[in-house]
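Q: As input, take structure13.txt (compact mmCIF, C-alpha atoms):
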```
# COMPACT_ATOMS: atom_id res chain seq x y z
CA MET A 1178 111.69 91.02 88.97
CA LYS A 1179 110.27 90.58 92.48
CA ILE A 1180 111.20 93.24 95.03
CA LEU A 1181 110.51 93.73 98.73
CA ALA A 1182 110.75 97.41 99.74
CA LEU A 1183 110.93 98.76 103.32
CA ASP A 1184 110.64 102.24 104.79
CA SER A 1185 110.76 103.59 108.35
CA ALA A 1186 112.80 106.75 107.73
CA LEU A 1187 110.20 109.30 108.86
CA SER A 1188 107.01 108.99 110.93
CA ALA A 1189 105.64 105.79 109.43
CA CYS A 1190 106.48 102.17 108.80
CA SER A 1191 105.68 100.63 105.42
CA VAL A 1192 106.40 97.63 103.22
CA ALA A 1193 105.57 96.77 99.60
CA VAL A 1194 106.03 93.72 97.40
CA LEU A 1195 106.35 94.34 93.66
CA ALA A 1196 106.38 91.48 91.15
CA ASP A 1197 107.17 92.25 87.51
CA GLY A 1198 105.80 95.77 87.92
CA THR A 1199 102.60 94.67 89.65
CA VAL A 1200 101.92 95.60 93.27
CA ARG A 1201 101.26 92.36 95.13
CA ALA A 1202 101.04 93.69 98.70
CA VAL A 1203 101.36 96.94 100.67
CA ARG A 1204 101.43 97.57 104.41
CA ARG A 1205 101.48 101.09 105.91
CA GLN A 1206 101.17 102.37 109.45
CA ALA A 1207 101.80 105.87 110.79
CA MET A 1208 104.03 105.85 113.88
CA ALA A 1209 106.52 108.20 115.46
CA ARG A 1210 108.16 105.32 117.33
CA GLY A 1211 107.83 101.54 117.59
CA GLN A 1212 109.15 100.75 114.11
CA ALA A 1213 111.55 98.15 115.50
CA GLU A 1214 108.64 96.04 116.73
CA ALA A 1215 106.38 96.65 113.71
CA LEU A 1216 108.61 96.39 110.65
CA LEU A 1217 109.47 92.69 110.42
CA PRO A 1218 105.89 91.50 111.19
CA MET A 1219 104.74 93.81 108.37
CA VAL A 1220 107.31 92.21 106.07
CA ARG A 1221 105.99 88.76 106.92
CA ALA A 1222 102.37 89.82 106.41
CA ALA A 1223 103.13 91.44 103.05
CA LEU A 1224 104.99 88.38 101.76
CA ASP A 1225 102.17 86.12 102.91
CA GLU A 1226 99.61 88.29 101.09
CA ALA A 1227 101.76 88.26 97.97
CA GLY A 1228 102.12 84.47 98.18
CA LEU A 1229 105.90 84.73 98.09
CA GLY A 1230 108.84 83.75 100.26
CA PHE A 1231 112.31 85.22 100.44
CA ALA A 1232 113.52 82.54 98.02
CA ASP A 1233 111.17 83.98 95.38
CA LEU A 1234 112.57 87.51 95.61
CA ASP A 1235 115.22 89.05 93.36
CA ARG A 1236 116.05 92.18 95.35
CA LEU A 1237 115.47 94.16 98.53
CA ALA A 1238 115.10 97.94 98.72
CA VAL A 1239 115.12 100.40 101.61
CA THR A 1240 114.99 104.15 102.17
CA VAL A 1241 118.36 105.46 103.33
CA GLY A 1242 117.43 108.99 104.45
CA PRO A 1243 117.51 111.75 105.20
CA GLY A 1244 115.04 111.28 108.01
CA SER A 1245 114.60 110.42 111.66
CA PHE A 1246 117.87 109.12 113.07
CA THR A 1247 116.20 106.24 114.96
CA GLY A 1248 113.64 105.26 112.32
CA LEU A 1249 116.20 105.42 109.56
CA ARG A 1250 118.63 103.17 111.42
CA ILE A 1251 115.87 100.65 112.19
CA GLY A 1252 114.86 100.30 108.55
CA LEU A 1253 118.43 100.11 107.31
CA ALA A 1254 119.43 97.55 109.94
CA ALA A 1255 116.40 95.38 109.13
CA ALA A 1256 117.10 95.52 105.39
CA ARG A 1257 120.80 94.75 105.88
CA GLY A 1258 119.94 91.84 108.14
CA LEU A 1259 117.50 90.41 105.61
CA ALA A 1260 120.04 90.84 102.81
CA LEU A 1261 122.70 89.06 104.83
CA ALA A 1262 120.38 86.20 105.79
CA THR A 1263 118.94 85.67 102.30
CA GLY A 1264 121.86 86.63 100.06
CA LEU A 1265 119.61 89.06 98.17
CA PRO A 1266 121.08 92.31 96.78
CA LEU A 1267 119.98 95.46 98.60
CA THR A 1268 119.31 98.79 96.88
CA GLY A 1269 119.17 102.08 98.79
CA ILE A 1270 116.73 104.81 97.73
CA THR A 1271 116.81 108.27 99.28
CA THR A 1272 113.73 109.48 101.08
CA LEU A 1273 113.69 112.60 98.92
CA GLU A 1274 113.66 110.77 95.59
CA ALA A 1275 111.02 108.33 96.86
CA LEU A 1276 108.74 111.24 97.79
CA ALA A 1277 109.28 112.91 94.41
CA ALA A 1278 108.65 109.72 92.42
CA ALA A 1279 105.37 109.07 94.25
CA VAL A 1280 103.80 112.34 93.07
CA ASP A 1281 101.26 111.86 90.26
CA PRO A 1282 103.07 112.58 86.95
CA ALA A 1283 100.02 114.51 85.72
CA VAL A 1284 100.31 116.84 88.72
CA ARG A 1285 104.03 117.35 88.09
CA GLN A 1286 103.51 118.57 84.52
CA GLY A 1287 104.62 122.15 84.01
CA ARG A 1288 106.14 122.45 87.49
CA GLY A 1289 109.42 121.66 89.15
CA THR A 1290 109.04 119.51 92.25
CA VAL A 1291 110.64 120.48 95.54
CA VAL A 1292 110.69 117.83 98.27
CA LEU A 1293 110.99 119.19 101.81
CA ILE A 1294 111.35 117.11 104.98
CA ASP A 1295 111.12 118.59 108.47
CA SER A 1296 114.38 117.80 110.25
CA ARG A 1297 112.73 118.51 113.64
CA ARG A 1298 115.73 120.76 114.38
CA GLY A 1299 114.60 124.03 112.80
CA ASP A 1300 115.80 123.38 109.26
CA VAL A 1301 114.51 121.28 106.36
CA PHE A 1302 116.04 118.60 104.17
CA MET A 1303 115.34 119.46 100.55
CA GLN A 1304 115.99 118.52 96.94
CA ILE A 1305 114.78 119.98 93.65
CA PHE A 1306 113.48 117.75 90.86
CA GLY A 1307 112.35 118.39 87.30
CA GLU A 1308 108.78 117.68 86.21
CA ASP A 1309 109.97 114.18 85.25
CA ALA A 1310 111.18 113.62 88.87
CA VAL A 1311 114.84 113.66 87.77
CA PRO A 1312 117.04 115.41 90.40
CA LEU A 1313 118.17 118.94 89.55
CA SER A 1314 120.09 119.51 92.78
CA ALA A 1315 121.84 117.51 95.45
CA PRO A 1316 120.10 116.77 98.78
CA ALA A 1317 120.79 119.55 101.26
CA ALA A 1318 119.76 121.02 104.60
CA ALA A 1319 118.30 124.53 104.38
CA ASP A 1320 116.83 127.33 106.46
CA PRO A 1321 113.06 127.48 105.72
CA ALA A 1322 113.19 131.30 105.77
CA ALA A 1323 115.74 131.24 102.90
CA LEU A 1324 113.77 128.99 100.54
CA ASP A 1325 112.71 131.78 98.18
CA ALA A 1326 116.36 132.57 97.38
CA LEU A 1327 117.32 128.90 97.06
CA LEU A 1328 114.61 127.72 94.67
CA PRO A 1329 114.50 128.23 90.89
CA ALA A 1330 112.08 130.60 89.20
CA GLY A 1331 108.84 129.30 87.74
CA PRO A 1332 105.90 127.20 88.97
CA LEU A 1333 106.78 124.77 91.76
CA LEU A 1334 105.09 121.75 93.31
CA LEU A 1335 105.94 121.09 96.95
CA ALA A 1336 105.98 117.60 98.49
CA GLY A 1337 107.03 116.16 101.85
CA ASP A 1338 105.96 116.75 105.45
CA ALA A 1339 107.49 120.26 105.52
CA ALA A 1340 105.71 121.30 102.31
CA PRO A 1341 102.63 122.95 103.93
CA ALA A 1342 104.78 125.32 106.00
CA ALA A 1343 107.01 126.07 103.00
CA LEU A 1344 103.92 126.77 100.89
CA ASP A 1345 102.95 129.61 103.24
CA VAL A 1346 106.46 131.10 103.18
CA LEU A 1347 106.75 130.97 99.39
CA ALA A 1348 103.19 132.15 98.72
CA ARG A 1349 103.84 135.24 100.85
CA ALA A 1350 106.91 135.87 98.69
CA GLY A 1351 104.69 135.86 95.59
CA ARG A 1352 105.86 132.51 94.24
CA ASP A 1353 103.65 130.26 92.06
CA VAL A 1354 103.49 127.19 94.33
CA ALA A 1355 101.13 124.25 94.75
CA LEU A 1356 100.98 121.42 97.26
CA ALA A 1357 101.20 117.73 96.32
CA THR A 1358 98.59 115.70 98.19
CA ASP A 1359 99.38 112.59 100.27
CA SER A 1360 103.11 113.26 100.04
CA ALA A 1361 104.16 113.42 103.69
CA GLN A 1362 105.55 109.87 103.90
CA PRO A 1363 107.55 107.78 101.40
CA ASP A 1364 105.50 105.30 99.38
CA PRO A 1365 107.11 101.84 99.53
CA VAL A 1366 105.74 101.13 96.05
CA ALA A 1367 107.73 104.10 94.71
CA VAL A 1368 110.78 102.78 96.56
CA ALA A 1369 110.35 99.39 94.90
CA ARG A 1370 109.84 100.87 91.42
CA LEU A 1371 112.91 103.08 91.73
CA ALA A 1372 114.99 100.10 92.87
CA ALA A 1373 113.76 97.97 89.96
CA ALA A 1374 115.14 100.56 87.52
CA ARG A 1375 118.60 100.67 89.14
CA PRO A 1376 121.59 98.46 88.37
CA LEU A 1377 122.63 96.08 91.09
CA PRO A 1378 124.56 97.89 93.84
CA GLU A 1379 128.31 97.45 93.84
CA GLY A 1380 128.93 98.30 97.50
CA PRO A 1381 127.26 98.43 100.89
CA VAL A 1382 124.12 100.53 101.34
CA THR A 1383 124.70 103.33 103.83
CA ALA A 1384 122.56 106.03 105.44
CA LEU A 1385 122.37 109.53 103.97
CA TYR A 1386 122.88 112.11 106.71
CA LEU A 1387 122.64 115.82 105.89
CA ARG A 1388 123.40 117.01 109.40
CA ALA A 1389 125.37 115.60 112.30
CA PRO A 1390 123.40 113.63 114.92
CA ASP A 1391 122.47 115.64 118.01
CA VAL A 1392 124.53 113.74 120.51
CA THR A 1393 125.84 115.10 123.79
CA LEU A 1394 128.93 113.31 125.02
CA PRO A 1395 129.01 112.48 128.72
CA ARG A 1396 131.14 114.77 130.83
CA PRO A 1397 134.36 113.23 132.15
CA PRO A 1398 134.25 112.22 135.79
CA VAL A 1399 135.58 114.68 138.35
CA LEU A 1400 138.44 113.21 140.31
CA ARG A 1401 138.59 114.41 143.87
CA ALA A 1402 141.93 114.62 145.62
CA LEU A 1403 142.35 112.28 148.53
CA ALA A 1404 142.50 114.05 151.91
```
Please express what this file holds, its structure, as structure tokens.
A:
Amino acid sequence: MKILALDSALSACSVAVLADGTVRAVRRQAMARGQAEALLPMVRAALDEAGLGFADLDRLAVTVGPGSFTGLRIGLAAARGLALATGLPLTGITTLEALAAAVDPAVRQGRGTVVLIDSRRGDVFMQIFGEDAVPLSAPAAADPAALDALLPAGPLLLAGDAAPAALDVLARAGRDVALATDSAQPDPVAVARLAAARPLPEGPVTALYLRAPDVTLPRPPVLRALA
């Protein structure tokens, strides 16, 4: 199976090409904005490096959130557009499960994994996984100050861009916690591998939102009475 995976859900833009379990090409670039201009050229460069065209692929994969509203929509729109143009099936992978799956299995041994993403609005997006990276809870938004009460007992491994701050909070509470390295951004290779293990999707791939977008509606115009 040959898979093209895309991610722009957080503060990076990345692409990977996986062919029969072998990584053929990877492109990564940290960026808080500009994903719309960078993503498709990265796709083209990765396919060229892999020596493949869209006709050679079996599936597309994309992160579906939670994450940055703008970056998430860019990645999802690009993946949907490519799926429509090529006829390839598209698989959605959550940002949280991609981050969990990318952690070294040897590091996960003996610890539950908690993935935490900074929502940039004062809370965190989180999900708890077993040491085999299988989800033990549903994705949720949480108050960082309440993490100690929300997390299970026992040794924990923290991943995601909000993990360093959570480590301080939990360590002060006396919890046995460790930090996964290089886990701030989703790995497109992990996205591709997760997609390869999934059955073909039966419906459209949609974004996962754990909080409402911060949108302020325009105020209605004030009508002045005619003199």
Q: Using only C-alpha atoms, find all polymer residues with an atom at most 8 Å away from the point (114.0, 109.0, 104.8); report them as JSON, numbers by chain.
A: {"A": [1184, 1185, 1186, 1187, 1240, 1241, 1242, 1243, 1244, 1245, 1249, 1271, 1272, 1273, 1363]}
Q: CA of Leu1253 in chain A and CA of Leu1293 in chain A, how far apart in Å?
A: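 Computing the Euclidean distance for CA of Leu1293 in chain A and CA of Leu1253 in chain A yields 21.2 Å.
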Q: Distance CA of Ala1182 in chain A-CA of Leu1267 in chain A, one decimal place?
A: 9.5 Å
Q: Which residues, protein or nucleic acid, reach to within 10 Å of (106.9, 100.0, 115.1) in the file's coordinates when using only C-alpha atoms, and can you give that as a PyMOL selection string?
A: chain A and resi 1185+1188-1191+1206-1219+1248+1251
Q: Please identify all polymer residues within 7 Å of range 1233-1237 of chain A, counting all atoms listed in the file, omitting same-chain residues fewer than 4 positions from it, and present them as a PyMOL selection string.
A: chain A and resi 1178-1182+1229+1265-1268
Q: For a test of reading the model, state the distance in Å between CA of Ala1369 in chain A and CA of Gly1269 in chain A, rounded to one decimal.
A: 10.0 Å
Q: Taking only C-alpha atoms into account, name the residue in A:Ala1373, A:Ala1339, A:Leu1183, A:Ala1330 that is nearest to Gly1351 in chain A.
A: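 Closest candidate: A:Ala1330.
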Q: Kindly indicate which residue among A:Ala1374, A:Ala1350, A:Val1220, A:Val1366 lies nearest to Ala1326 in chain A, using only C-alpha atoms for the distances.
A: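 Of all the options, A:Ala1350 lies closest to Ala1326 in chain A.
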Q: Check the smallest atom-to-atom distance from each of A:Ala1357, A:Ala1278, A:Gly1252, A:Pro1341 to Arg1370 in chain A using all atoms listed in the file, then report the winner.
A: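 Once distances to Arg1370 in chain A are computed over all atoms listed in the file, the minimum belongs to A:Ala1278.
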Q: Using all atoms listed in the file, pick whichever of A:Thr1358, A:Thr1199, A:Ser1296, A:Ser1314 has the shortest atom-to-atom distance to Leu1335 in chain A.
A: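 Nearest to Leu1335 in chain A: A:Thr1358.
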